[in-house]
$ cat entry_28.pdb   # PDB, C-alpha atoms
ATOM      1  CA  MET A   1     -79.253  12.933-102.665
ATOM      2  CA  LYS A   2     -79.572  16.657-103.287
ATOM      3  CA  ASN A   3     -79.592  17.610-106.967
ATOM      4  CA  ILE A   4     -76.599  19.659-108.082
ATOM      5  CA  LYS A   5     -77.642  22.591-110.254
ATOM      6  CA  LYS A   6     -76.378  22.277-113.798
ATOM      7  CA  ARG A   7     -74.070  25.029-114.962
ATOM      8  CA  THR A   8     -75.618  27.264-117.626
ATOM      9  CA  THR A   9     -74.039  26.743-121.045
ATOM     10  CA  ILE A  10     -74.030  28.635-124.316
ATOM     11  CA  SER A  11     -76.459  26.015-125.640
ATOM     12  CA  ASP A  12     -78.867  26.856-122.796
ATOM     13  CA  ILE A  13     -78.820  30.537-123.721
ATOM     14  CA  ALA A  14     -79.338  29.651-127.398
ATOM     15  CA  ALA A  15     -82.320  27.423-126.564
ATOM     16  CA  HIS A  16     -83.782  30.131-124.316
ATOM     17  CA  LEU A  17     -83.640  32.706-127.121
ATOM     18  CA  GLY A  18     -84.424  30.330-129.994
ATOM     19  CA  ILE A  19     -81.179  31.054-131.837
ATOM     20  CA  HIS A  20     -78.065  29.084-132.734
ATOM     21  CA  LYS A  21     -75.253  28.534-130.218
ATOM     22  CA  THR A  22     -72.773  30.002-132.715
ATOM     23  CA  THR A  23     -74.605  33.337-132.557
ATOM     24  CA  VAL A  24     -74.490  33.310-128.749
ATOM     25  CA  SER A  25     -70.800  32.432-128.698
ATOM     26  CA  ARG A  26     -69.868  35.242-131.045
ATOM     27  CA  ALA A  27     -72.025  37.812-129.276
ATOM     28  CA  LEU A  28     -70.378  37.013-125.944
ATOM     29  CA  LYS A  29     -67.003  37.569-127.592
ATOM     30  CA  ASP A  30     -68.135  40.892-129.105
ATOM     31  CA  SER A  31     -67.849  39.655-132.678
ATOM     32  CA  SER A  32     -68.505  42.350-135.290
ATOM     33  CA  SER A  33     -70.606  39.861-137.290
ATOM     34  CA  ILE A  34     -73.449  40.122-134.706
ATOM     35  CA  SER A  35     -75.675  43.219-134.624
ATOM     36  CA  LYS A  36     -75.468  45.448-131.556
ATOM     37  CA  ALA A  37     -79.142  44.935-130.697
ATOM     38  CA  LEU A  38     -78.912  41.139-130.836
ATOM     39  CA  SER A  39     -75.632  41.169-128.928
ATOM     40  CA  LEU A  40     -77.212  43.175-126.090
ATOM     41  CA  LYS A  41     -80.196  40.798-126.010
ATOM     42  CA  ILE A  42     -77.907  37.784-125.743
ATOM     43  CA  LYS A  43     -75.769  39.326-122.996
ATOM     44  CA  LYS A  44     -78.895  40.242-121.023
ATOM     45  CA  ALA A  45     -80.162  36.656-121.258
ATOM     46  CA  ALA A  46     -76.737  35.332-120.220
ATOM     47  CA  LYS A  47     -76.848  37.483-117.110
ATOM     48  CA  GLU A  48     -80.414  36.432-116.256
ATOM     49  CA  LEU A  49     -79.484  32.752-116.623
ATOM     50  CA  ASN A  50     -76.344  33.204-114.472
ATOM     51  CA  TYR A  51     -74.019  32.188-117.275
ATOM     52  CA  ILE A  52     -70.365  31.925-116.250
ATOM     53  CA  PRO A  53     -67.884  31.640-119.149
ATOM     54  CA  ASN A  54     -65.809  28.475-119.372
ATOM     55  CA  ARG A  55     -62.356  29.916-120.047
ATOM     56  CA  ALA A  56     -60.927  26.598-121.206
ATOM     57  CA  ALA A  57     -63.685  26.164-123.755
ATOM     58  CA  GLN A  58     -63.425  29.802-124.771
ATOM     59  CA  SER A  59     -59.837  29.332-125.775
ATOM     60  CA  LEU A  60     -60.979  26.749-128.325
ATOM     61  CA  SER A  61     -63.885  28.776-129.707
ATOM     62  CA  ILE A  62     -63.812  30.504-133.028
ATOM     63  CA  GLN A  63     -64.771  33.772-134.583
ATOM     64  CA  ASN A  64     -66.387  33.832-137.993
ATOM     65  CA  ASN A  65     -63.491  33.579-140.440
ATOM     66  CA  LYS A  66     -65.976  33.360-143.334
ATOM     67  CA  THR A  67     -64.892  29.925-144.520
ATOM     68  CA  ILE A  68     -67.203  27.021-145.381
ATOM     69  CA  ALA A  69     -66.074  23.395-145.581
ATOM     70  CA  LEU A  70     -67.808  21.196-148.158
ATOM     71  CA  LEU A  71     -67.257  17.450-147.743
ATOM     72  CA  LEU A  72     -67.737  15.199-150.785
ATOM     73  CA  PRO A  73     -67.566  11.393-150.986
ATOM     74  CA  SER A  74     -65.455  11.631-154.145
ATOM     75  CA  PHE A  75     -63.913  14.263-156.418
ATOM     76  CA  GLY A  76     -64.354  11.805-159.288
ATOM     77  CA  ASN A  77     -68.137  11.442-159.140
ATOM     78  CA  ASN A  78     -69.769  13.813-161.653
ATOM     79  CA  VAL A  79     -72.987  13.981-159.649
ATOM     80  CA  PHE A  80     -71.293  16.393-157.228
ATOM     81  CA  ASN A  81     -70.270  18.934-159.884
ATOM     82  CA  ASP A  82     -73.611  20.734-159.507
ATOM     83  CA  VAL A  83     -73.224  20.701-155.722
ATOM     84  CA  VAL A  84     -69.787  22.317-155.874
ATOM     85  CA  SER A  85     -71.016  24.906-158.389
ATOM     86  CA  GLY A  86     -74.047  25.777-156.251
ATOM     87  CA  VAL A  87     -72.117  26.097-152.994
ATOM     88  CA  LYS A  88     -69.340  28.129-154.610
ATOM     89  CA  ALA A  89     -71.735  30.516-156.354
ATOM     90  CA  VAL A  90     -73.472  31.470-153.095
ATOM     91  CA  ALA A  91     -70.238  31.512-151.081
ATOM     92  CA  ASP A  92     -68.656  33.870-153.637
ATOM     93  CA  GLU A  93     -71.733  36.091-153.646
ATOM     94  CA  LEU A  94     -71.755  36.404-149.852
ATOM     95  CA  GLY A  95     -67.998  36.775-149.427
ATOM     96  CA  TYR A  96     -67.129  33.341-148.018
ATOM     97  CA  ALA A  97     -64.166  31.148-148.919
ATOM     98  CA  LEU A  98     -64.747  27.483-149.758
ATOM     99  CA  MET A  99     -62.688  24.476-148.664
ATOM    100  CA  ILE A 100     -63.494  21.073-150.218
ATOM    101  CA  GLY A 101     -62.574  17.658-148.846
ATOM    102  CA  ASP A 102     -62.885  14.160-150.355
ATOM    103  CA  SER A 103     -63.664  11.289-147.955
ATOM    104  CA  THR A 104     -63.307   8.585-150.673
ATOM    105  CA  TYR A 105     -66.649   7.096-149.598
ATOM    106  CA  SER A 106     -65.246   6.362-146.149
ATOM    107  CA  GLU A 107     -66.834   7.384-142.851
ATOM    108  CA  LEU A 108     -63.374   7.304-141.231
ATOM    109  CA  GLY A 109     -62.075   9.453-144.073
ATOM    110  CA  GLU A 110     -64.807  11.980-143.348
ATOM    111  CA  GLU A 111     -63.937  11.899-139.648
ATOM    112  CA  ARG A 112     -60.313  12.818-140.352
ATOM    113  CA  ILE A 113     -61.319  15.691-142.637
ATOM    114  CA  VAL A 114     -63.852  17.055-140.121
ATOM    115  CA  GLU A 115     -61.221  17.011-137.370
ATOM    116  CA  SER A 116     -58.750  18.850-139.606
ATOM    117  CA  TYR A 117     -61.276  21.514-140.617
ATOM    118  CA  ILE A 118     -62.415  22.090-137.028
ATOM    119  CA  GLN A 119     -58.771  22.714-136.134
ATOM    120  CA  GLN A 120     -58.644  25.239-138.967
ATOM    121  CA  ALA A 121     -61.658  27.017-137.438
ATOM    122  CA  VAL A 122     -64.015  26.886-140.417
ATOM    123  CA  SER A 123     -67.273  28.787-139.904
ATOM    124  CA  GLY A 124     -69.622  26.016-141.061
ATOM    125  CA  PHE A 125     -69.855  22.579-142.673
ATOM    126  CA  ILE A 126     -71.862  21.219-145.618
ATOM    127  CA  LEU A 127     -71.938  17.418-145.639
ATOM    128  CA  THR A 128     -73.084  15.415-148.662
ATOM    129  CA  SER A 129     -73.467  12.175-146.708
ATOM    130  CA  SER A 130     -75.853  11.304-143.888
ATOM    131  CA  ARG A 131     -73.730   8.428-142.552
ATOM    132  CA  HIS A 132     -71.079   9.423-140.017
ATOM    133  CA  THR A 133     -68.970   7.880-137.275
ATOM    134  CA  ASP A 134     -69.986   8.591-133.693
ATOM    135  CA  GLU A 135     -66.787  10.604-133.298
ATOM    136  CA  THR A 136     -67.615  12.794-136.309
ATOM    137  CA  ILE A 137     -71.048  13.555-134.842
ATOM    138  CA  ARG A 138     -69.529  14.302-131.435
ATOM    139  CA  MET A 139     -66.930  16.680-132.889
ATOM    140  CA  LEU A 140     -69.489  18.544-134.964
ATOM    141  CA  LYS A 141     -71.988  18.785-132.113
ATOM    142  CA  THR A 142     -69.425  20.245-129.732
ATOM    143  CA  SER A 143     -67.915  22.683-132.213
ATOM    144  CA  ASP A 144     -69.138  26.241-132.726
ATOM    145  CA  ALA A 145     -69.656  25.598-136.434
ATOM    146  CA  PRO A 146     -73.207  24.961-137.712
ATOM    147  CA  VAL A 147     -73.728  21.974-140.012
ATOM    148  CA  ALA A 148     -75.883  21.358-143.098
ATOM    149  CA  GLU A 149     -76.541  17.902-144.551
ATOM    150  CA  ILE A 150     -77.717  17.666-148.148
ATOM    151  CA  MET A 151     -78.533  15.078-150.846
ATOM    152  CA  ASP A 152     -80.726  12.692-148.820
ATOM    153  CA  MET A 153     -83.016  12.946-145.814
ATOM    154  CA  SER A 154     -81.420  12.201-142.464
ATOM    155  CA  GLU A 155     -82.484  11.434-138.920
ATOM    156  CA  SER A 156     -79.541  13.373-137.493
ATOM    157  CA  THR A 157     -80.080  16.542-135.500
ATOM    158  CA  PHE A 158     -77.722  18.881-137.300
ATOM    159  CA  ASP A 159     -78.832  22.420-138.081
ATOM    160  CA  ILE A 160     -79.995  21.930-141.684
ATOM    161  CA  ASN A 161     -81.118  18.893-143.669
ATOM    162  CA  TYR A 162     -82.142  19.262-147.316
ATOM    163  CA  GLY A 163     -82.479  16.181-149.486
ATOM    164  CA  VAL A 164     -84.364  13.889-151.842
ATOM    165  CA  ASN A 165     -86.212  10.690-150.916
ATOM    166  CA  HIS A 166     -84.118   8.191-152.875
ATOM    167  CA  PHE A 167     -86.205   5.204-151.787
ATOM    168  CA  ASN A 168     -89.410   6.741-153.192
ATOM    169  CA  ALA A 169     -87.683   7.845-156.401
ATOM    170  CA  ALA A 170     -86.346   4.358-157.155
ATOM    171  CA  LYS A 171     -89.658   2.752-156.253
ATOM    172  CA  GLU A 172     -91.562   5.091-158.588
ATOM    173  CA  MET A 173     -89.187   4.382-161.466
ATOM    174  CA  THR A 174     -89.537   0.627-160.912
ATOM    175  CA  ASP A 175     -93.331   0.931-160.630
ATOM    176  CA  TYR A 176     -93.285   2.648-164.030
ATOM    177  CA  LEU A 177     -91.313  -0.201-165.581
ATOM    178  CA  VAL A 178     -93.719  -2.773-164.121
ATOM    179  CA  ASN A 179     -97.109  -1.085-164.426
ATOM    180  CA  VAL A 180     -96.693   1.044-167.557
ATOM    181  CA  LYS A 181     -94.057  -0.788-169.586
ATOM    182  CA  GLY A 182     -95.159  -4.266-168.461
ATOM    183  CA  ARG A 183     -91.617  -5.373-167.632
ATOM    184  CA  LYS A 184     -91.322  -8.519-165.491
ATOM    185  CA  LYS A 185     -87.603  -9.247-165.284
ATOM    186  CA  ILE A 186     -85.957  -6.098-163.912
ATOM    187  CA  ALA A 187     -82.376  -6.149-162.636
ATOM    188  CA  PHE A 188     -80.722  -3.502-160.466
ATOM    189  CA  CYS A 189     -77.069  -2.609-161.107
ATOM    190  CA  SER A 190     -75.147  -0.719-158.441
ATOM    191  CA  LEU A 191     -71.741   0.196-157.069
ATOM    192  CA  LEU A 192     -70.355  -0.555-153.619
ATOM    193  CA  LEU A 193     -70.363   3.085-152.650
ATOM    194  CA  ASP A 194     -72.687   5.088-150.446
ATOM    195  CA  TRP A 195     -75.904   4.963-148.495
ATOM    196  CA  ARG A 196     -77.956   6.499-151.311
ATOM    197  CA  ALA A 197     -77.269   3.448-153.497
ATOM    198  CA  VAL A 198     -78.667   1.274-150.702
ATOM    199  CA  LEU A 199     -81.812   3.410-150.480
ATOM    200  CA  ARG A 200     -82.393   3.155-154.239
ATOM    201  CA  LYS A 201     -81.913  -0.604-154.153
ATOM    202  CA  ARG A 202     -84.501  -0.854-151.374
ATOM    203  CA  GLY A 203     -86.992   1.154-153.421
ATOM    204  CA  TRP A 204     -86.470  -1.179-156.402
ATOM    205  CA  GLU A 205     -86.923  -4.222-154.161
ATOM    206  CA  GLN A 206     -90.127  -2.850-152.619
ATOM    207  CA  ALA A 207     -91.736  -2.169-155.993
ATOM    208  CA  LEU A 208     -90.940  -5.684-157.227
ATOM    209  CA  HIS A 209     -92.085  -7.243-153.970
ATOM    210  CA  ASN A 210     -95.406  -5.365-154.217
ATOM    211  CA  ALA A 211     -95.834  -6.656-157.786
ATOM    212  CA  GLN A 212     -94.898 -10.199-156.696
ATOM    213  CA  LEU A 213     -91.962 -10.240-159.108
ATOM    214  CA  GLN A 214     -88.448 -11.574-158.659
ATOM    215  CA  ASP A 215     -86.510  -9.102-156.516
ATOM    216  CA  ASP A 216     -83.053 -10.668-156.217
ATOM    217  CA  MET A 217     -81.586  -9.834-159.635
ATOM    218  CA  CYS A 218     -78.957  -7.425-158.404
ATOM    219  CA  LEU A 219     -75.347  -6.922-159.477
ATOM    220  CA  GLN A 220     -72.756  -4.736-157.798
ATOM    221  CA  SER A 221     -69.434  -3.523-159.146
ATOM    222  CA  ARG A 222     -66.383  -2.418-157.185
ATOM    223  CA  ALA A 223     -65.354  -0.081-160.019
ATOM    224  CA  ASP A 224     -65.902   3.676-160.088
ATOM    225  CA  ALA A 225     -69.000   5.040-161.796
ATOM    226  CA  SER A 226     -68.041   4.998-165.487
ATOM    227  CA  PHE A 227     -69.305   4.091-168.969
ATOM    228  CA  GLN A 228     -66.983   1.075-168.972
ATOM    229  CA  ALA A 229     -68.372  -0.222-165.669
ATOM    230  CA  GLY A 230     -71.907   0.148-167.048
ATOM    231  CA  ALA A 231     -71.034  -1.787-170.202
ATOM    232  CA  GLU A 232     -69.516  -4.586-168.121
ATOM    233  CA  LEU A 233     -72.574  -4.733-165.852
ATOM    234  CA  LEU A 234     -74.845  -5.022-168.900
ATOM    235  CA  VAL A 235     -72.819  -7.945-170.283
ATOM    236  CA  GLU A 236     -72.763  -9.711-166.907
ATOM    237  CA  SER A 237     -76.507  -9.152-166.383
ATOM    238  CA  LEU A 238     -77.474 -10.580-169.774
ATOM    239  CA  HIS A 239     -75.172 -13.558-169.237
ATOM    240  CA  LYS A 240     -76.697 -14.271-165.826
ATOM    241  CA  TRP A 241     -80.331 -13.587-166.770
ATOM    242  CA  PRO A 242     -80.813 -14.031-170.555
ATOM    243  CA  ASP A 243     -84.545 -13.247-170.334
ATOM    244  CA  LEU A 244     -83.960  -9.862-168.703
ATOM    245  CA  ASP A 245     -86.299  -7.157-170.042
ATOM    246  CA  ALA A 246     -85.214  -4.085-168.003
ATOM    247  CA  LEU A 247     -82.159  -2.721-166.192
ATOM    248  CA  PHE A 248     -82.257  -0.014-163.517
ATOM    249  CA  PHE A 249     -78.798   1.482-162.910
ATOM    250  CA  VAL A 250     -77.903   3.369-159.742
ATOM    251  CA  SER A 251     -76.258   6.156-161.778
ATOM    252  CA  ASP A 252     -76.424   7.729-165.229
ATOM    253  CA  GLU A 253     -72.782   6.905-166.011
ATOM    254  CA  LEU A 254     -73.487   3.200-165.645
ATOM    255  CA  ALA A 255     -76.748   3.416-167.580
ATOM    256  CA  ALA A 256     -75.101   5.346-170.433
ATOM    257  CA  GLY A 257     -72.333   2.753-170.671
ATOM    258  CA  ALA A 258     -74.982   0.031-170.931
ATOM    259  CA  VAL A 259     -76.765   1.952-173.707
ATOM    260  CA  MET A 260     -73.498   2.247-175.654
ATOM    261  CA  GLU A 261     -72.833  -1.482-175.240
ATOM    262  CA  CYS A 262     -76.377  -2.261-176.433
ATOM    263  CA  ASN A 263     -75.776  -0.175-179.540
ATOM    264  CA  ARG A 264     -72.531  -2.027-180.189
ATOM    265  CA  ARG A 265     -74.275  -5.407-179.860
ATOM    266  CA  GLY A 266     -77.308  -4.522-181.961
ATOM    267  CA  ILE A 267     -79.662  -4.513-178.937
ATOM    268  CA  LYS A 268     -82.303  -1.750-179.059
ATOM    269  CA  PRO A 269     -82.682   0.079-175.714
ATOM    270  CA  GLY A 270     -86.323   0.967-175.111
ATOM    271  CA  LYS A 271     -87.504  -1.880-177.337
ATOM    272  CA  ASP A 272     -85.515  -5.049-176.733
ATOM    273  CA  ILE A 273     -84.662  -3.982-173.189
ATOM    274  CA  ASP A 274     -85.476  -0.940-171.056
ATOM    275  CA  ILE A 275     -82.614   0.956-169.412
ATOM    276  CA  CYS A 276     -82.957   3.591-166.673
ATOM    277  CA  GLY A 277     -80.452   5.681-164.741
ATOM    278  CA  PHE A 278     -80.447   8.096-161.814
ATOM    279  CA  ASN A 279     -79.481  11.796-161.420
ATOM    280  CA  ASP A 280     -80.182  13.205-164.930
ATOM    281  CA  LEU A 281     -76.626  14.301-165.637
ATOM    282  CA  SER A 282     -75.958  16.622-168.572
ATOM    283  CA  PHE A 283     -75.273  13.838-171.090
ATOM    284  CA  ALA A 284     -78.513  11.929-170.355
ATOM    285  CA  LYS A 285     -80.429  13.781-173.100
ATOM    286  CA  ALA A 286     -77.485  13.833-175.494
ATOM    287  CA  ILE A 287     -76.711  10.126-175.819
ATOM    288  CA  TYR A 288     -78.553   7.976-178.368
ATOM    289  CA  PRO A 289     -81.078   6.805-177.572
ATOM    290  CA  SER A 290     -81.713   9.390-174.840
ATOM    291  CA  LEU A 291     -81.690   8.093-171.286
ATOM    292  CA  THR A 292     -84.718   7.680-169.043
ATOM    293  CA  THR A 293     -83.631   8.699-165.546
ATOM    294  CA  VAL A 294     -84.508  10.348-162.228
ATOM    295  CA  SER A 295     -83.781  14.072-162.059
ATOM    296  CA  THR A 296     -82.682  15.544-158.704
ATOM    297  CA  PRO A 297     -82.247  19.303-157.995
ATOM    298  CA  ARG A 298     -78.659  19.146-156.744
ATOM    299  CA  ARG A 299     -77.613  22.715-157.493
ATOM    300  CA  GLU A 300     -80.811  24.228-156.088
ATOM    301  CA  MET A 301     -80.368  22.150-152.929
ATOM    302  CA  ALA A 302     -76.728  23.217-152.562
ATOM    303  CA  GLU A 303     -77.506  26.894-153.070
ATOM    304  CA  LEU A 304     -80.294  26.941-150.499
ATOM    305  CA  ALA A 305     -78.213  24.999-147.977
ATOM    306  CA  THR A 306     -75.329  27.451-148.355
ATOM    307  CA  ARG A 307     -77.578  30.498-147.906
ATOM    308  CA  SER A 308     -79.224  28.947-144.858
ATOM    309  CA  LEU A 309     -75.890  27.937-143.342
ATOM    310  CA  ILE A 310     -74.447  31.428-143.768
ATOM    311  CA  SER A 311     -77.599  32.918-142.229
ATOM    312  CA  ILE A 312     -77.052  30.773-139.126
ATOM    313  CA  ILE A 313     -73.354  31.678-139.042
ATOM    314  CA  GLU A 314     -74.283  35.363-139.094
ATOM    315  CA  GLY A 315     -76.991  35.077-136.441
ATOM    316  CA  LYS A 316     -79.949  35.412-138.778
ATOM    317  CA  SER A 317     -83.120  33.337-138.706
ATOM    318  CA  VAL A 318     -83.749  30.475-141.146
ATOM    319  CA  SER A 319     -87.357  29.752-142.053
ATOM    320  CA  GLU A 320     -86.857  26.175-143.234
ATOM    321  CA  THR A 321     -84.194  23.966-141.680
ATOM    322  CA  SER A 322     -85.520  20.672-143.120
ATOM    323  CA  LYS A 323     -86.811  20.269-146.654
ATOM    324  CA  VAL A 324     -87.597  17.318-148.912
ATOM    325  CA  PHE A 325     -86.846  18.384-152.483
ATOM    326  CA  PRO A 326     -88.934  16.943-155.321
ATOM    327  CA  TYR A 327     -87.462  14.516-157.848
ATOM    328  CA  HIS A 328     -88.776  14.034-161.386
ATOM    329  CA  ILE A 329     -88.933  10.928-163.554
ATOM    330  CA  LYS A 330     -87.562  11.918-166.970
ATOM    331  CA  LEU A 331     -89.086   9.565-169.554
ATOM    332  CA  ARG A 332     -86.948   9.346-172.676
ATOM    333  CA  GLU A 333     -86.152   6.806-175.384
ATOM    334  CA  THR A 334     -84.408   4.067-173.381
ATOM    335  CA  ALA A 335     -87.587   3.293-171.412
TER     336      ALA A 335
END
$ encode --input "entry_28.pdb" --output "structure tokens"
Amino acid sequence: MKNIKKRTTISDIAAHLGIHKTTVSRALKDSSSISKALSLKIKKAAKELNYIPNRAAQSLSIQNNKTIALLLPSFGNNVFNDVVSGVKAVADELGYALMIGDSTYSELGEERIVESYIQQAVSGFILTSSRHTDETIRMLKTSDAPVAEIMDMSESTFDINYGVNHFNAAKEMTDYLVNVKGRKKIAFCSLLLDWRAVLRKRGWEQALHNAQLQDDMCLQSRADASFQAGAELLVESLHKWPDLDALFFVSDELAAGAVMECNRRGIKPGKDIDICGFNDLSFAKAIYPSLTTVSTPRREMAELATRSLISIIEGKSVSETSKVFPYHIKLRETA
């Protein structure tokens, strides 16, 4: 059978020139956000590649309305405060409005928000999760809006991915407890929330497996991240495993709650039992005793992602579209 020649698309022109499809789309619609020189270059390439506009698709395309959509798993999780601050600071500086959605740790919730924001013709998306429904990925891939994923490393093929290796961070913290502190009975306390908690749990498991130590002492709570939930997890852990000598919590809120409960019960964190958290939130140094935790550069990550996203929106080049940010183990009094 004779091959039928594929119709040239905006994506073909973008790939030919090494630029983003959003830039091509806006140049072909004479958007003022694209420089005259680049616009002429794009139109010349379109002519050479025999591009014929799809009028039906054109009617759904967008101009740059200078609005960014930031999708969070939860408004109530303090870990995202630095993300919101970083995105807003750069958006304000560069003259972009910010819309924020809360998926309540639900992939279907994220899908509904993405669909709504595409209908509102946002200029770009910043996602703080790397787990999406197939429909969410399809909608984002076929929209004109570029997409940045932040917080953890992803195998998706969106435009930007900046994150931290949560598996390695949790493994290194657990290795410290085993090899430096000599702890043998280390439990992991988590919440039934997002993919990053799963990655941290896997890092903890790998470190214990490598050390030939028990790797099934894990408790999960359905509560929100809070001091109270951390206190309850401490009590349950000590009841279940009385000889426990270390606790690794998936978040600082939980770890801080456990420290407070230890103080109330006359247990000395860092001596009787080691306690570690994750994220290095602002109170981690302030509580007594101060909390050993993993520090992640959330604001720096958010700021760079926003600058890079806006560069793509405006047809500018981005030098680094994928970046693994460093984490730091913050050794303090609780371990």
$ atom_distance --input "entry_28.pdb" --atom1 "atom CA of A:Lys36" --atom2 "atom CA of A:Leu309"
21.1 Å
$ resolve_selection --input "entry_28.pdb" --expression "the PyMOL selection byres ((chain A and resi 154) around 12)" --output "JSON, numbers by chain"
{"A": [127, 128, 129, 130, 131, 132, 148, 149, 150, 151, 152, 153, 155, 156, 157, 158, 159, 160, 161, 162, 163, 164, 165, 166, 195, 196, 199, 322, 323, 324]}
$ closest_residue --input "entry_28.pdb" --among "A:Ile34, A:Val180, A:Ala255, A:Ile310" --to "A:Gly124" --atoms "all atoms listed in the file"
A:Ile310
$ residues_around --input "entry_28.pdb" --residues "A:Phe278" --least-positions-apart "6" --cutoff "9 Å" --atoms "all atoms listed in the file" --output "PyMOL selection string"
chain A and resi 170+248-253+255+292-296
$ closest_residue --input "entry_28.pdb" --among "A:Ser237, A:Thr133, A:Asn64, A:Ile13" --to "A:Asp30" --atoms "only C-alpha atoms"
A:Asn64
$ residues_near_point --input "entry_28.pdb" --point "(-67.6, 21.1, -142.0)" --cutoff "12 Å" --atoms "all atoms listed in the file" --output "short mmCIF file (atom, residue, chain, number, x, y, z; two decimals) with C-alpha atoms, in the frame of the given file"
data_model
loop_
_atom_site.label_atom_id
_atom_site.label_comp_id
_atom_site.auth_asym_id
_atom_site.auth_seq_id
_atom_site.Cartn_x
_atom_site.Cartn_y
_atom_site.Cartn_z
CA THR A 67 -64.89 29.92 -144.52
CA ILE A 68 -67.20 27.02 -145.38
CA ALA A 69 -66.07 23.40 -145.58
CA LEU A 70 -67.81 21.20 -148.16
CA LEU A 71 -67.26 17.45 -147.74
CA LEU A 72 -67.74 15.20 -150.78
CA LEU A 98 -64.75 27.48 -149.76
CA MET A 99 -62.69 24.48 -148.66
CA ILE A 100 -63.49 21.07 -150.22
CA GLY A 101 -62.57 17.66 -148.85
CA ASP A 102 -62.88 14.16 -150.35
CA GLU A 110 -64.81 11.98 -143.35
CA GLU A 111 -63.94 11.90 -139.65
CA ARG A 112 -60.31 12.82 -140.35
CA ILE A 113 -61.32 15.69 -142.64
CA VAL A 114 -63.85 17.06 -140.12
CA GLU A 115 -61.22 17.01 -137.37
CA SER A 116 -58.75 18.85 -139.61
CA TYR A 117 -61.28 21.51 -140.62
CA ILE A 118 -62.42 22.09 -137.03
CA GLN A 119 -58.77 22.71 -136.13
CA GLN A 120 -58.64 25.24 -138.97
CA ALA A 121 -61.66 27.02 -137.44
CA VAL A 122 -64.02 26.89 -140.42
CA SER A 123 -67.27 28.79 -139.90
CA GLY A 124 -69.62 26.02 -141.06
CA PHE A 125 -69.86 22.58 -142.67
CA ILE A 126 -71.86 21.22 -145.62
CA LEU A 127 -71.94 17.42 -145.64
CA THR A 128 -73.08 15.42 -148.66
CA SER A 129 -73.47 12.18 -146.71
CA THR A 136 -67.61 12.79 -136.31
CA ILE A 137 -71.05 13.56 -134.84
CA MET A 139 -66.93 16.68 -132.89
CA LEU A 140 -69.49 18.54 -134.96
CA LYS A 141 -71.99 18.78 -132.11
CA SER A 143 -67.92 22.68 -132.21
CA ASP A 144 -69.14 26.24 -132.73
CA ALA A 145 -69.66 25.60 -136.43
CA PRO A 146 -73.21 24.96 -137.71
CA VAL A 147 -73.73 21.97 -140.01
CA ALA A 148 -75.88 21.36 -143.10
CA GLU A 149 -76.54 17.90 -144.55
CA PHE A 158 -77.72 18.88 -137.30
CA ASP A 159 -78.83 22.42 -138.08
CA THR A 306 -75.33 27.45 -148.35
CA LEU A 309 -75.89 27.94 -143.34
#
$ closest_residue --input "entry_28.pdb" --among "A:Asn263, A:Asn50, A:Thr22, A:Ser103" --to "A:Ser74" --atoms "all atoms listed in the file"
A:Ser103
$ atom_distance --input "entry_28.pdb" --atom1 "atom CA of A:Met260" --atom2 "atom CA of A:Asp274"
13.2 Å
$ residues_near_point --input "entry_28.pdb" --point "(-84.9, 3.1, -172.7)" --cutoff "6 Å" --atoms "only C-alpha atoms" --output "PyMOL selection string"
chain A and resi 269-270+274-275+292+333-335
$ resolve_selection --input "entry_28.pdb" --expression "the PyMOL selection byres ((chain A and resi 90) around 12)" --output "list in words"
Ile68, Val83, Val84, Ser85, Gly86, Val87, Lys88, Ala89, Ala91, Asp92, Glu93, Leu94, Gly95, Tyr96, Ala97, Leu98, Arg299, Glu300, Met301, Ala302, Glu303, Leu304, Ala305, Thr306, Arg307, Ser308, Leu309, Ile310 and Ser311 of chain A
$ axis_aligned_box --input "entry_28.pdb" --around "stretch 109-124 of chain A" --padding-each-side "6 Å" --output "JSON"
{"center_x": -64.1, "center_y": 19.1, "center_z": -140.1, "size_x": 23.0, "size_y": 31.3, "size_z": 19.9}
$ atom_distance --input "entry_28.pdb" --atom1 "atom CA of A:Glu232" --atom2 "atom CA of A:Asn210"
29.4 Å
$ closest_residue --input "entry_28.pdb" --among "A:Ala207, A:Ala37, A:Cys218, A:Ala286" --to "A:Glu172" --atoms "all atoms listed in the file"
A:Ala207
$ resolve_selection --input "entry_28.pdb" --expression "the PyMOL selection byres ((chain A and resi 219) around 9)" --output "ChimeraX atom specification"
/A:187-191,217-218,220-221,233,236-237
$ residues_around --input "entry_28.pdb" --residues "A:Phe227" --least-positions-apart "6" --cutoff "7 Å" --atoms "only C-alpha atoms" --output "list in words"
Glu253, Leu254, Ala256 and Gly257 of chain A
$ closest_residue --input "entry_28.pdb" --among "A:Ala246, A:Pro326, A:Gly203, A:Glu107" --to "A:Glu135" --atoms "all atoms listed in the file"
A:Glu107
$ closest_residue --input "entry_28.pdb" --among "A:Ala15, A:Trp241, A:Asn77, A:Arg138" --to "A:Lys185" --atoms "only C-alpha atoms"
A:Trp241
